[in-house]
Structures are given as structure tokens and as C-alpha cells.
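Reviewing the structure listed below.
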Amino acid sequence: MSTFDPTAFTPPLRVPQLASPPLVLRPYAIFDLALVRQAAADPFIPSISSVPRTYTDDAGRAFIERQYARGAEGDGYSFVIAPEAEPKAGIGSIGLWLQEIESGRASIGYWLVAGARGQGLAANALGAVVSFAFGVLSIPRLHLFVEPWNVASARTAAAAGFSREATLRGWERIDGEQRDADCFALLRSEWTPGVEGLVPGQPEGRS
């Protein structure tokens with residue numbers, strides 16, 4: 001796919017497996033209930049995602065089903081971040097969301113459980129999604145939104161090549177309050193392809 005075609009993003013989307021050593025990014029599976037349980041216990045993750053605040057197996061299954069639905073309905077690609085050596089042991093999640101794809105742009109959101117933070121793994125996963133979005137899907141612009149206090153997430157964005165563009169006042173609603181967010185963006189024209197890519201033999205994008 002060399003040129004951007006917004007009409008090509010028709011559902012259902014096929015979520016590929018992406019290689020980004022020492023990580024792999026893969027579709028959600030039912031055994032990811034353990035990951036959802038761990039994320040639900042985090043003091044921050046449920047506030048900035050749809051992870052349930054109170055974990056039950058039913059709530060965990062509903063969360064995983066929502067990740068499948070996002071691809072089936074064309075809303076975007078939802079990946080589990082996992083170690084390459086133990087791909088069933090999820091450590092986080094990252095999504096490429098297509099709500100604005102008709103305007104040539106997509107957004108990215110990500111989180112890691114506490115034990116996986118501070119090792120550069122989020123930047124690694126973000127780089128893999130950037131490679132998929134630009135190299136396979138040819139999306140012209142990617143952006144993501146970071147809470148101003150979240151220095152670690154801002155560093156992750158910068159490490160993957162994103163530039164901070166602006167602080168958006170009252171941009172998002174978190175825990176019942178309107179909060180500011182810093183917008184980081186990267187254009188395909190600015191991107192230099194790296195080593196991240198699809199696992200050999202895995203599907204490349206949409207069905």
C-alpha cells in the first residue's frame with residue numbers, strides 16, 4: 001500500500017501480529033483476562049481507558065469483546081503488548097484508532113502494567129504501530145494525547161519521533177472532570193522506516 005486511500009478502511013479489519021523485538025504485538029484473546037485483571041487494579045489505567053474499574057470475569061470478557069468489536073466495526077486496531085519470548089503473557093495494550101481516517105489522520109493510545117514500565121517497552125511498541133500505520137496503511141498523520149503531568153508518556157512519544165504541538169484545554173473527561181491534554185503528532189512525510197514490521201506470514205492489515 002503506497003498511497004493513502006480512506007475508502008480502503010472498510011470493516012471488518014484484520015488485526016495483524018507485529019514484531020518489535022523484544023516484544024510482539026498481537027490481537028486480544030480470552031487468556032488475556034489475566035492482563036485485564038492486573039490493569040483494572042492499577043490506580044490510573046481505568047481512568048484513561050475502557051478497562052473496568054472493578055474486575056470480574058464477566059467484565060473482563062466484555063472488555064476483550066470490545067477489542068474484537070473495534071476491528072469488526074472498523075474503529076481501529078487493538079493490540080496486546082507481550083514479550084516475544086512469552087507471547088501469551090500480556091504486559092499492556094496499544095491501539096490505532098480510525099475515527100478520523102476520512103481526514104487522513106489516526107490516533108494512538110497505549111498503557112503498560114506497572115511492572116513493565118520504565119524499560120522503554122512502550123516506545124518500542126509505539127514504534128511498531130507507527131511502522132504499521134505509515135508503512136502498511138500509508139496514513140498521513142498520527143497523533144496521541146498525553147496528560148501534562150505524565151512525563152513518562154511524553155518521553156515515550158518523543159522517543160518514537162512525535163513532536164509536541166499544543167496543550168488542548170479541557171480536552172478529555174477523566175473521572176468526571178475536564179482535563180487538559182498535550183497533543184503529540186508525527187507525519188508520514190517525517191517518518192524514517194525502522195526495523196519494526198509484520199511477523200513473517202502474518203496478515204498485512206485489513207480483510
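All residue names refer to the C-alpha cells as shown: chains lettered A, B, ... in order, residues numbered from 1 in each chain, ligands numbered from 1 in order.
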
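Residues in contact with Ser2 in chain A at 9 Å, where only C-alpha atoms are counted and same-chain residues fewer than 5 positions away are skipped, are listed as A:Gly135, A:Val136, A:Leu137, A:Ser138.
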
Q: Using DSSP on the backbone coordinates, identify all residues within range 24-96 of chain A classified as alpha helix (DSSP H); present the result as an MDAnalysis selection string.
A: chainID A and resid 33:40 45:48 57:72

Go ahead and save the picked residues with N, CA, C and O atoms, as a tab-separated table (two decimals), in the first residue's frame.
```
chain	number	residue	atom	x	y	z
A	33	LEU	N	-7.53	-12.35	30.04
A	33	LEU	CA	-8.25	-11.96	31.25
A	33	LEU	C	-7.29	-11.62	32.38
A	33	LEU	O	-7.55	-10.71	33.18
A	34	ALA	N	-6.16	-12.31	32.45
A	34	ALA	CA	-5.17	-12.02	33.50
A	34	ALA	C	-4.62	-10.61	33.34
A	34	ALA	O	-4.40	-9.90	34.34
A	35	LEU	N	-4.38	-10.19	32.11
A	35	LEU	CA	-3.89	-8.84	31.85
A	35	LEU	C	-4.95	-7.80	32.23
A	35	LEU	O	-4.63	-6.79	32.87
A	36	VAL	N	-6.20	-8.06	31.87
A	36	VAL	CA	-7.28	-7.12	32.20
A	36	VAL	C	-7.43	-7.00	33.71
A	36	VAL	O	-7.63	-5.91	34.26
A	37	ARG	N	-7.32	-8.13	34.42
A	37	ARG	CA	-7.41	-8.11	35.89
A	37	ARG	C	-6.31	-7.24	36.49
A	37	ARG	O	-6.56	-6.43	37.39
A	38	GLN	N	-5.11	-7.38	35.98
A	38	GLN	CA	-3.99	-6.59	36.50
A	38	GLN	C	-4.17	-5.11	36.18
A	38	GLN	O	-3.91	-4.24	37.02
A	39	ALA	N	-4.63	-4.80	34.98
A	39	ALA	CA	-4.84	-3.41	34.59
A	39	ALA	C	-5.96	-2.76	35.41
A	39	ALA	O	-5.89	-1.58	35.76
A	40	ALA	N	-7.00	-3.53	35.71
A	40	ALA	CA	-8.12	-2.99	36.47
A	40	ALA	C	-7.70	-2.59	37.88
A	40	ALA	O	-8.30	-1.68	38.48
A	45	ILE	N	-4.89	3.29	35.03
A	45	ILE	CA	-5.31	2.75	33.72
A	45	ILE	C	-6.82	2.82	33.50
A	45	ILE	O	-7.26	3.25	32.42
A	46	PRO	N	-7.68	2.45	34.45
A	46	PRO	CA	-9.13	2.54	34.18
A	46	PRO	C	-9.62	3.95	33.92
A	46	PRO	O	-10.67	4.14	33.29
A	47	SER	N	-8.87	4.97	34.38
A	47	SER	CA	-9.30	6.35	34.16
A	47	SER	C	-9.10	6.81	32.73
A	47	SER	O	-9.82	7.68	32.25
A	48	ILE	N	-8.11	6.22	32.04
A	48	ILE	CA	-7.79	6.69	30.69
A	48	ILE	C	-8.08	5.64	29.61
A	48	ILE	O	-7.68	5.78	28.47
A	57	ASP	N	-14.79	-11.61	36.02
A	57	ASP	CA	-14.55	-12.33	34.77
A	57	ASP	C	-15.51	-11.86	33.68
A	57	ASP	O	-15.12	-11.74	32.51
A	58	ASP	N	-16.75	-11.57	34.04
A	58	ASP	CA	-17.72	-11.07	33.05
A	58	ASP	C	-17.28	-9.72	32.51
A	58	ASP	O	-17.36	-9.47	31.30
A	59	ALA	N	-16.82	-8.83	33.39
A	59	ALA	CA	-16.36	-7.51	32.95
A	59	ALA	C	-15.11	-7.64	32.09
A	59	ALA	O	-14.94	-6.91	31.09
A	60	GLY	N	-14.22	-8.57	32.45
A	60	GLY	CA	-13.02	-8.79	31.66
A	60	GLY	C	-13.33	-9.32	30.27
A	60	GLY	O	-12.75	-8.86	29.27
A	61	ARG	N	-14.26	-10.27	30.19
A	61	ARG	CA	-14.66	-10.79	28.89
A	61	ARG	C	-15.32	-9.70	28.04
A	61	ARG	O	-15.09	-9.62	26.82
A	62	ALA	N	-16.12	-8.86	28.67
A	62	ALA	CA	-16.76	-7.77	27.93
A	62	ALA	C	-15.72	-6.81	27.37
A	62	ALA	O	-15.86	-6.31	26.24
A	63	PHE	N	-14.66	-6.54	28.14
A	63	PHE	CA	-13.59	-5.68	27.65
A	63	PHE	C	-12.92	-6.30	26.42
A	63	PHE	O	-12.68	-5.62	25.41
A	64	ILE	N	-12.60	-7.59	26.51
A	64	ILE	CA	-11.95	-8.27	25.37
A	64	ILE	C	-12.88	-8.29	24.16
A	64	ILE	O	-12.45	-8.07	23.02
A	65	GLU	N	-14.15	-8.51	24.38
A	65	GLU	CA	-15.11	-8.48	23.27
A	65	GLU	C	-15.17	-7.10	22.61
A	65	GLU	O	-15.33	-7.00	21.39
A	66	ARG	N	-15.00	-6.04	23.41
A	66	ARG	CA	-14.97	-4.69	22.82
A	66	ARG	C	-13.76	-4.51	21.91
A	66	ARG	O	-13.84	-3.80	20.90
A	67	GLN	N	-12.65	-5.15	22.26
A	67	GLN	CA	-11.46	-5.03	21.41
A	67	GLN	C	-11.71	-5.73	20.07
A	67	GLN	O	-11.32	-5.20	19.01
A	68	TYR	N	-12.37	-6.89	20.09
A	68	TYR	CA	-12.74	-7.55	18.83
A	68	TYR	C	-13.70	-6.67	18.03
A	68	TYR	O	-13.57	-6.54	16.81
A	69	ALA	N	-14.67	-6.06	18.73
A	69	ALA	CA	-15.68	-5.25	18.04
A	69	ALA	C	-15.07	-4.06	17.34
A	69	ALA	O	-15.55	-3.63	16.29
A	70	ARG	N	-14.02	-3.49	17.92
A	70	ARG	CA	-13.40	-2.33	17.29
A	70	ARG	C	-12.89	-2.66	15.90
A	70	ARG	O	-13.03	-1.88	14.97
A	71	GLY	N	-12.28	-3.83	15.75
A	71	GLY	CA	-11.84	-4.25	14.43
A	71	GLY	C	-13.00	-4.62	13.53
A	71	GLY	O	-13.06	-4.23	12.36
A	72	ALA	N	-13.95	-5.34	14.09
A	72	ALA	CA	-15.10	-5.79	13.28
A	72	ALA	C	-15.91	-4.62	12.75
A	72	ALA	O	-16.46	-4.67	11.65
```

Q: Could you give me, as a ChimeraX atom specification, the residues within 9 Å of Ala157 in chain A, counting only C-alpha atoms and dropping anything in the same chain fewer than 5 positions from it?
A: /A:122-123,126,144,146,152,162-164,184-185

Pull all heavy atoms from the residues just selected and write them as a short mmCIF file (atom, residue, chain, number, x, y, z; two decimals), in the first residue's frame.
```cif
data_model
loop_
_atom_site.label_atom_id
_atom_site.label_comp_id
_atom_site.auth_asym_id
_atom_site.auth_seq_id
_atom_site.Cartn_x
_atom_site.Cartn_y
_atom_site.Cartn_z
N ALA A 122 7.21 0.74 26.10
CA ALA A 122 6.11 1.47 25.46
C ALA A 122 6.58 2.15 24.18
O ALA A 122 5.87 2.14 23.17
CB ALA A 122 5.52 2.50 26.43
N ALA A 123 7.78 2.72 24.20
CA ALA A 123 8.32 3.35 22.99
C ALA A 123 8.56 2.31 21.90
O ALA A 123 8.34 2.57 20.71
CB ALA A 123 9.61 4.10 23.31
N LEU A 126 5.13 1.49 20.52
CA LEU A 126 4.65 2.63 19.74
C LEU A 126 5.35 2.69 18.39
O LEU A 126 4.72 2.95 17.35
CB LEU A 126 4.87 3.92 20.52
CG LEU A 126 4.43 5.23 19.86
CD1 LEU A 126 2.98 5.19 19.45
CD2 LEU A 126 4.70 6.40 20.80
N LEU A 144 -1.35 11.57 19.24
CA LEU A 144 -1.70 10.96 20.52
C LEU A 144 -1.78 12.07 21.56
O LEU A 144 -1.28 13.18 21.36
CB LEU A 144 -0.70 9.87 20.91
CG LEU A 144 0.78 10.23 20.98
CD1 LEU A 144 1.16 10.75 22.35
CD2 LEU A 144 1.63 9.01 20.63
N VAL A 146 -1.49 13.16 25.71
CA VAL A 146 -0.83 12.82 26.96
C VAL A 146 -1.22 13.84 28.03
O VAL A 146 -1.19 15.05 27.76
CB VAL A 146 0.70 12.82 26.78
CG1 VAL A 146 1.40 12.55 28.10
CG2 VAL A 146 1.12 11.79 25.72
N ALA A 152 6.52 10.45 31.76
CA ALA A 152 6.99 9.20 31.16
C ALA A 152 6.33 8.96 29.81
O ALA A 152 6.99 8.55 28.85
CB ALA A 152 6.73 8.04 32.11
N PHE A 162 7.55 11.55 17.84
CA PHE A 162 6.44 12.50 17.88
C PHE A 162 6.92 13.85 18.43
O PHE A 162 7.77 13.90 19.31
CB PHE A 162 5.31 11.97 18.75
CG PHE A 162 4.51 10.88 18.12
CD1 PHE A 162 5.03 9.59 17.99
CD2 PHE A 162 3.22 11.12 17.65
CE1 PHE A 162 4.29 8.57 17.41
CE2 PHE A 162 2.47 10.11 17.07
CZ PHE A 162 3.02 8.83 16.94
N SER A 163 6.32 14.92 17.91
CA SER A 163 6.60 16.27 18.38
C SER A 163 5.38 16.81 19.11
O SER A 163 4.24 16.63 18.66
CB SER A 163 6.93 17.19 17.21
OG SER A 163 8.09 16.76 16.53
N ARG A 164 5.62 17.51 20.21
CA ARG A 164 4.53 18.14 20.94
C ARG A 164 4.05 19.35 20.16
O ARG A 164 4.83 20.22 19.79
CB ARG A 164 4.98 18.55 22.34
CG ARG A 164 3.88 19.18 23.18
CD ARG A 164 4.42 19.65 24.53
NE ARG A 164 3.39 20.36 25.27
CZ ARG A 164 3.07 21.64 25.08
NH1 ARG A 164 3.71 22.35 24.15
NH2 ARG A 164 2.12 22.21 25.79
N PHE A 184 0.64 15.31 20.75
CA PHE A 184 1.88 14.96 20.06
C PHE A 184 1.51 14.40 18.69
O PHE A 184 0.55 13.63 18.57
CB PHE A 184 2.66 13.92 20.85
CG PHE A 184 3.28 14.42 22.12
CD1 PHE A 184 2.49 14.62 23.25
CD2 PHE A 184 4.63 14.71 22.19
CE1 PHE A 184 3.06 15.08 24.43
CE2 PHE A 184 5.20 15.17 23.37
CZ PHE A 184 4.41 15.36 24.49
N ALA A 185 2.28 14.73 17.67
CA ALA A 185 1.95 14.29 16.31
C ALA A 185 3.20 13.91 15.54
O ALA A 185 4.32 14.37 15.82
CB ALA A 185 1.18 15.38 15.56
#
```

Q.
I'd like the neighbourhood of Phe4 in chain A as an NGL selection string, where a residue qualifies if any of its atoms comes within 9 Å (using only C-alpha atoms), though same-chain residues fewer than 3 positions away should be ignored.
A. :A and (1 or 8 or 104 or 137-140)

Q: Excluding Thr192 in chain A and any residue of its chain fewer than 5 positions from it, enumerate the residues within 10 Å of it, using only C-alpha atoms, and give them as a VMD selection string.
A: chain A and resid 131 134 to 135 161

Assign secondary structure with DSSP using the backbone only, and return the residues of chain A in strand (DSSP E) as an mmCIF file with N, CA, C and O atoms, in the first residue's frame.
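New file part.cif:
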```cif
data_model
loop_
_atom_site.group_PDB
_atom_site.id
_atom_site.type_symbol
_atom_site.label_atom_id
_atom_site.label_comp_id
_atom_site.auth_asym_id
_atom_site.auth_seq_id
_atom_site.Cartn_x
_atom_site.Cartn_y
_atom_site.Cartn_z
ATOM 1 N N LEU A 18 2.429 -7.941 15.021
ATOM 2 C CA LEU A 18 3.570 -7.104 14.691
ATOM 3 C C LEU A 18 4.783 -7.524 15.510
ATOM 4 O O LEU A 18 4.679 -7.726 16.723
ATOM 5 N N ALA A 19 5.919 -7.644 14.850
ATOM 6 C CA ALA A 19 7.166 -7.985 15.534
ATOM 7 C C ALA A 19 7.926 -6.715 15.872
ATOM 8 O O ALA A 19 8.120 -5.853 15.019
ATOM 9 N N SER A 20 8.346 -6.603 17.121
ATOM 10 C CA SER A 20 9.162 -5.476 17.561
ATOM 11 C C SER A 20 10.030 -5.947 18.724
ATOM 12 O O SER A 20 9.788 -5.594 19.878
ATOM 13 N N LEU A 23 9.551 -7.459 21.865
ATOM 14 C CA LEU A 23 8.106 -7.538 22.031
ATOM 15 C C LEU A 23 7.438 -8.120 20.804
ATOM 16 O O LEU A 23 8.001 -8.155 19.710
ATOM 17 N N VAL A 24 6.205 -8.530 21.010
ATOM 18 C CA VAL A 24 5.288 -8.839 19.918
ATOM 19 C C VAL A 24 3.970 -8.150 20.237
ATOM 20 O O VAL A 24 3.565 -8.064 21.403
ATOM 21 N N LEU A 25 3.339 -7.611 19.216
ATOM 22 C CA LEU A 25 2.017 -7.011 19.350
ATOM 23 C C LEU A 25 1.049 -7.938 18.630
ATOM 24 O O LEU A 25 1.247 -8.264 17.453
ATOM 25 N N ARG A 26 -0.007 -8.351 19.324
ATOM 26 C CA ARG A 26 -0.903 -9.371 18.785
ATOM 27 C C ARG A 26 -2.343 -9.026 19.131
ATOM 28 O O ARG A 26 -2.624 -8.194 20.003
ATOM 29 N N GLY A 76 -10.812 0.555 14.521
ATOM 30 C CA GLY A 76 -9.361 0.572 14.649
ATOM 31 C C GLY A 76 -8.799 -0.781 15.025
ATOM 32 O O GLY A 76 -9.492 -1.800 15.035
ATOM 33 N N TYR A 77 -7.503 -0.766 15.336
ATOM 34 C CA TYR A 77 -6.739 -1.967 15.617
ATOM 35 C C TYR A 77 -6.333 -1.964 17.089
ATOM 36 O O TYR A 77 -5.659 -1.037 17.543
ATOM 37 N N SER A 78 -6.706 -2.996 17.829
ATOM 38 C CA SER A 78 -6.396 -3.096 19.242
ATOM 39 C C SER A 78 -5.419 -4.251 19.458
ATOM 40 O O SER A 78 -5.720 -5.400 19.117
ATOM 41 N N PHE A 79 -4.250 -3.943 20.021
ATOM 42 C CA PHE A 79 -3.184 -4.925 20.204
ATOM 43 C C PHE A 79 -2.882 -5.141 21.680
ATOM 44 O O PHE A 79 -2.893 -4.199 22.472
ATOM 45 N N VAL A 80 -2.523 -6.369 22.014
ATOM 46 C CA VAL A 80 -1.884 -6.674 23.285
ATOM 47 C C VAL A 80 -0.374 -6.557 23.082
ATOM 48 O O VAL A 80 0.165 -7.029 22.077
ATOM 49 N N ILE A 81 0.310 -5.919 24.029
ATOM 50 C CA ILE A 81 1.770 -5.864 24.045
ATOM 51 C C ILE A 81 2.254 -7.025 24.910
ATOM 52 O O ILE A 81 1.814 -7.179 26.057
ATOM 53 N N ALA A 82 3.144 -7.850 24.375
ATOM 54 C CA ALA A 82 3.611 -9.022 25.117
ATOM 55 C C ALA A 82 5.091 -9.272 24.822
ATOM 56 O O ALA A 82 5.601 -8.868 23.776
ATOM 57 N N PRO A 83 5.793 -9.950 25.738
ATOM 58 C CA PRO A 83 7.181 -10.319 25.462
ATOM 59 C C PRO A 83 7.247 -11.313 24.309
ATOM 60 O O PRO A 83 6.437 -12.240 24.231
ATOM 61 N N GLY A 92 0.583 -5.097 28.408
ATOM 62 C CA GLY A 92 -0.025 -3.804 28.102
ATOM 63 C C GLY A 92 -0.876 -3.871 26.859
ATOM 64 O O GLY A 92 -1.135 -4.949 26.303
ATOM 65 N N SER A 93 -1.307 -2.703 26.432
ATOM 66 C CA SER A 93 -2.204 -2.607 25.284
ATOM 67 C C SER A 93 -1.875 -1.342 24.498
ATOM 68 O O SER A 93 -1.457 -0.326 25.069
ATOM 69 N N ILE A 94 -2.074 -1.400 23.191
ATOM 70 C CA ILE A 94 -1.890 -0.228 22.335
ATOM 71 C C ILE A 94 -2.902 -0.312 21.199
ATOM 72 O O ILE A 94 -3.181 -1.400 20.681
ATOM 73 N N GLY A 95 -3.482 0.832 20.866
ATOM 74 C CA GLY A 95 -4.500 0.850 19.821
ATOM 75 C C GLY A 95 -4.238 1.928 18.800
ATOM 76 O O GLY A 95 -3.687 2.993 19.108
ATOM 77 N N LEU A 96 -4.602 1.643 17.559
ATOM 78 C CA LEU A 96 -4.566 2.598 16.453
ATOM 79 C C LEU A 96 -6.015 2.849 16.064
ATOM 80 O O LEU A 96 -6.698 1.958 15.547
ATOM 81 N N TRP A 97 -6.515 4.066 16.326
ATOM 82 C CA TRP A 97 -7.941 4.360 16.204
ATOM 83 C C TRP A 97 -8.231 5.199 14.966
ATOM 84 O O TRP A 97 -7.535 6.181 14.679
ATOM 85 N N ARG A 105 -6.071 11.101 9.171
ATOM 86 C CA ARG A 105 -5.351 11.031 10.434
ATOM 87 C C ARG A 105 -5.941 9.940 11.327
ATOM 88 O O ARG A 105 -7.105 9.584 11.214
ATOM 89 N N ALA A 106 -5.079 9.437 12.202
ATOM 90 C CA ALA A 106 -5.480 8.415 13.168
ATOM 91 C C ALA A 106 -4.813 8.721 14.495
ATOM 92 O O ALA A 106 -3.792 9.419 14.552
ATOM 93 N N SER A 107 -5.386 8.206 15.581
ATOM 94 C CA SER A 107 -4.827 8.436 16.910
ATOM 95 C C SER A 107 -4.346 7.123 17.513
ATOM 96 O O SER A 107 -4.779 6.032 17.117
ATOM 97 N N ILE A 108 -3.446 7.250 18.470
ATOM 98 C CA ILE A 108 -2.860 6.097 19.149
ATOM 99 C C ILE A 108 -3.016 6.281 20.654
ATOM 100 O O ILE A 108 -2.843 7.382 21.174
ATOM 101 N N GLY A 109 -3.349 5.199 21.335
ATOM 102 C CA GLY A 109 -3.386 5.196 22.794
ATOM 103 C C GLY A 109 -2.701 3.943 23.303
ATOM 104 O O GLY A 109 -2.742 2.901 22.642
ATOM 105 N N TYR A 110 -2.077 4.036 24.473
ATOM 106 C CA TYR A 110 -1.329 2.882 24.981
ATOM 107 C C TYR A 110 -1.248 2.923 26.496
ATOM 108 O O TYR A 110 -1.362 3.982 27.113
ATOM 109 N N TRP A 111 -1.075 1.748 27.099
ATOM 110 C CA TRP A 111 -0.798 1.631 28.519
ATOM 111 C C TRP A 111 -0.007 0.357 28.799
ATOM 112 O O TRP A 111 -0.084 -0.614 28.027
ATOM 113 N N LEU A 112 0.770 0.401 29.864
ATOM 114 C CA LEU A 112 1.510 -0.760 30.350
ATOM 115 C C LEU A 112 1.166 -0.978 31.818
ATOM 116 O O LEU A 112 0.935 -0.020 32.554
ATOM 117 N N ARG A 141 -1.102 11.131 8.878
ATOM 118 C CA ARG A 141 -0.798 11.772 10.167
ATOM 119 C C ARG A 141 -1.234 10.881 11.324
ATOM 120 O O ARG A 141 -2.324 10.296 11.286
ATOM 121 N N LEU A 142 -0.383 10.807 12.341
ATOM 122 C CA LEU A 142 -0.708 10.129 13.589
ATOM 123 C C LEU A 142 -0.596 11.131 14.728
ATOM 124 O O LEU A 142 0.294 11.991 14.729
ATOM 125 N N HIS A 143 -1.519 11.041 15.681
ATOM 126 C CA HIS A 143 -1.375 11.860 16.868
ATOM 127 C C HIS A 143 -1.803 11.082 18.103
ATOM 128 O O HIS A 143 -2.484 10.060 18.008
ATOM 129 N N LEU A 144 -1.351 11.568 19.244
ATOM 130 C CA LEU A 144 -1.699 10.959 20.520
ATOM 131 C C LEU A 144 -1.784 12.066 21.556
ATOM 132 O O LEU A 144 -1.276 13.178 21.356
ATOM 133 N N PHE A 145 -2.434 11.750 22.664
ATOM 134 C CA PHE A 145 -2.733 12.761 23.676
ATOM 135 C C PHE A 145 -2.226 12.292 25.041
ATOM 136 O O PHE A 145 -2.503 11.164 25.449
ATOM 137 N N VAL A 146 -1.491 13.161 25.708
ATOM 138 C CA VAL A 146 -0.827 12.821 26.961
ATOM 139 C C VAL A 146 -1.217 13.838 28.029
ATOM 140 O O VAL A 146 -1.186 15.052 27.762
ATOM 141 N N SER A 163 6.319 14.918 17.911
ATOM 142 C CA SER A 163 6.599 16.268 18.385
ATOM 143 C C SER A 163 5.379 16.812 19.111
ATOM 144 O O SER A 163 4.240 16.630 18.661
ATOM 145 N N ARG A 164 5.624 17.514 20.213
ATOM 146 C CA ARG A 164 4.528 18.136 20.936
ATOM 147 C C ARG A 164 4.050 19.354 20.159
ATOM 148 O O ARG A 164 4.834 20.222 19.793
ATOM 149 N N GLU A 165 2.741 19.417 19.902
ATOM 150 C CA GLU A 165 2.175 20.509 19.123
ATOM 151 C C GLU A 165 1.473 21.561 19.978
ATOM 152 O O GLU A 165 1.574 22.754 19.707
ATOM 153 N N ALA A 166 0.714 21.131 20.975
ATOM 154 C CA ALA A 166 -0.089 22.092 21.729
ATOM 155 C C ALA A 166 -0.643 21.434 22.979
ATOM 156 O O ALA A 166 -0.713 20.207 23.082
ATOM 157 N N THR A 167 -1.044 22.280 23.933
ATOM 158 C CA THR A 167 -1.847 21.829 25.066
ATOM 159 C C THR A 167 -3.303 22.144 24.757
ATOM 160 O O THR A 167 -3.662 23.292 24.486
ATOM 161 N N LEU A 168 -4.130 21.133 24.775
ATOM 162 C CA LEU A 168 -5.553 21.275 24.473
ATOM 163 C C LEU A 168 -6.304 21.378 25.797
ATOM 164 O O LEU A 168 -6.373 20.421 26.567
ATOM 165 N N ARG A 169 -6.859 22.529 26.055
ATOM 166 C CA ARG A 169 -7.500 22.780 27.340
ATOM 167 C C ARG A 169 -8.862 22.085 27.420
ATOM 168 O O ARG A 169 -9.660 22.152 26.495
ATOM 169 N N GLY A 170 -9.093 21.420 28.540
ATOM 170 C CA GLY A 170 -10.356 20.711 28.741
ATOM 171 C C GLY A 170 -10.642 19.686 27.671
ATOM 172 O O GLY A 170 -11.795 19.445 27.320
ATOM 173 N N TRP A 171 -9.622 19.033 27.172
ATOM 174 C CA TRP A 171 -9.737 18.154 26.003
ATOM 175 C C TRP A 171 -10.485 16.863 26.293
ATOM 176 O O TRP A 171 -11.246 16.368 25.478
ATOM 177 N N GLU A 172 -10.258 16.286 27.478
ATOM 178 C CA GLU A 172 -10.808 14.962 27.753
ATOM 179 C C GLU A 172 -11.452 14.927 29.133
ATOM 180 O O GLU A 172 -11.110 15.708 30.019
ATOM 181 N N ARG A 173 -12.375 14.010 29.275
ATOM 182 C CA ARG A 173 -13.073 13.863 30.554
ATOM 183 C C ARG A 173 -12.513 12.654 31.284
ATOM 184 O O ARG A 173 -12.613 11.516 30.803
ATOM 185 N N ILE A 174 -11.903 12.898 32.424
ATOM 186 C CA ILE A 174 -11.287 11.852 33.226
ATOM 187 C C ILE A 174 -11.857 11.925 34.632
ATOM 188 O O ILE A 174 -11.795 12.984 35.272
ATOM 189 N N GLU A 177 -14.143 14.881 35.356
ATOM 190 C CA GLU A 177 -13.650 16.244 35.208
ATOM 191 C C GLU A 177 -13.009 16.445 33.839
ATOM 192 O O GLU A 177 -12.391 15.534 33.298
ATOM 193 N N GLN A 178 -13.175 17.661 33.290
ATOM 194 C CA GLN A 178 -12.497 18.008 32.047
ATOM 195 C C GLN A 178 -11.030 18.286 32.346
ATOM 196 O O GLN A 178 -10.710 19.096 33.207
ATOM 197 N N ARG A 179 -10.149 17.609 31.624
ATOM 198 C CA ARG A 179 -8.715 17.733 31.855
ATOM 199 C C ARG A 179 -7.999 18.183 30.583
ATOM 200 O O ARG A 179 -8.425 17.858 29.463
ATOM 201 N N ASP A 180 -6.895 18.871 30.771
ATOM 202 C CA ASP A 180 -6.053 19.257 29.648
ATOM 203 C C ASP A 180 -5.302 18.041 29.113
ATOM 204 O O ASP A 180 -5.098 17.041 29.826
ATOM 205 N N ALA A 181 -4.866 18.142 27.865
ATOM 206 C CA ALA A 181 -4.035 17.096 27.263
ATOM 207 C C ALA A 181 -3.046 17.742 26.304
ATOM 208 O O ALA A 181 -3.384 18.706 25.613
ATOM 209 N N ASP A 182 -1.828 17.226 26.288
ATOM 210 C CA ASP A 182 -0.832 17.663 25.323
ATOM 211 C C ASP A 182 -0.945 16.796 24.079
ATOM 212 O O ASP A 182 -0.991 15.558 24.170
ATOM 213 N N CYS A 183 -1.009 17.439 22.926
ATOM 214 C CA CYS A 183 -1.095 16.729 21.647
ATOM 215 C C CYS A 183 0.296 16.543 21.062
ATOM 216 O O CYS A 183 1.054 17.516 20.905
ATOM 217 N N PHE A 184 0.637 15.310 20.750
ATOM 218 C CA PHE A 184 1.881 14.963 20.056
ATOM 219 C C PHE A 184 1.513 14.400 18.688
ATOM 220 O O PHE A 184 0.554 13.634 18.575
ATOM 221 N N ALA A 185 2.285 14.735 17.667
ATOM 222 C CA ALA A 185 1.946 14.294 16.314
ATOM 223 C C ALA A 185 3.200 13.907 15.544
ATOM 224 O O ALA A 185 4.316 14.371 15.823
ATOM 225 N N LEU A 186 3.003 13.052 14.549
ATOM 226 C CA LEU A 186 4.055 12.634 13.631
ATOM 227 C C LEU A 186 3.436 12.458 12.258
ATOM 228 O O LEU A 186 2.380 11.838 12.117
ATOM 229 N N LEU A 187 4.084 13.031 11.228
ATOM 230 C CA LEU A 187 3.612 12.912 9.857
ATOM 231 C C LEU A 187 4.368 11.811 9.127
ATOM 232 O O LEU A 187 5.557 11.577 9.387
ATOM 233 N N GLY A 197 8.155 -4.405 12.114
ATOM 234 C CA GLY A 197 7.327 -4.811 10.987
ATOM 235 C C GLY A 197 6.448 -5.989 11.305
ATOM 236 O O GLY A 197 6.356 -6.425 12.444
ATOM 237 N N LEU A 198 5.824 -6.530 10.298
ATOM 238 C CA LEU A 198 4.934 -7.660 10.474
ATOM 239 C C LEU A 198 5.725 -8.940 10.681
ATOM 240 O O LEU A 198 6.782 -9.139 10.082
#
```

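Compared by their closest atoms to Val15 in chain A, and using only C-alpha atoms, the residues A:Ala29, A:Ala116, A:Ala160, A:Ile101 rank with A:Ala29 nearest.
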
Q | Who sits within 12 Å of Pro43 in chain A, only C-alpha atoms, same chain under 6 positions skipped, as a PyMOL selection string | A | chain A and resi 49+51-54+113-114+175

(Q) Taking only C-alpha atoms into account, name the residue in A:Asn124, A:Trp149, A:Gly90, A:Tyr55 that is nearest to Asp32 in chain A. (A) A:Gly90

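Interatomic distance, CA of Glu86 in chain A against CA of Gly127 in chain A: 20.0 Å.
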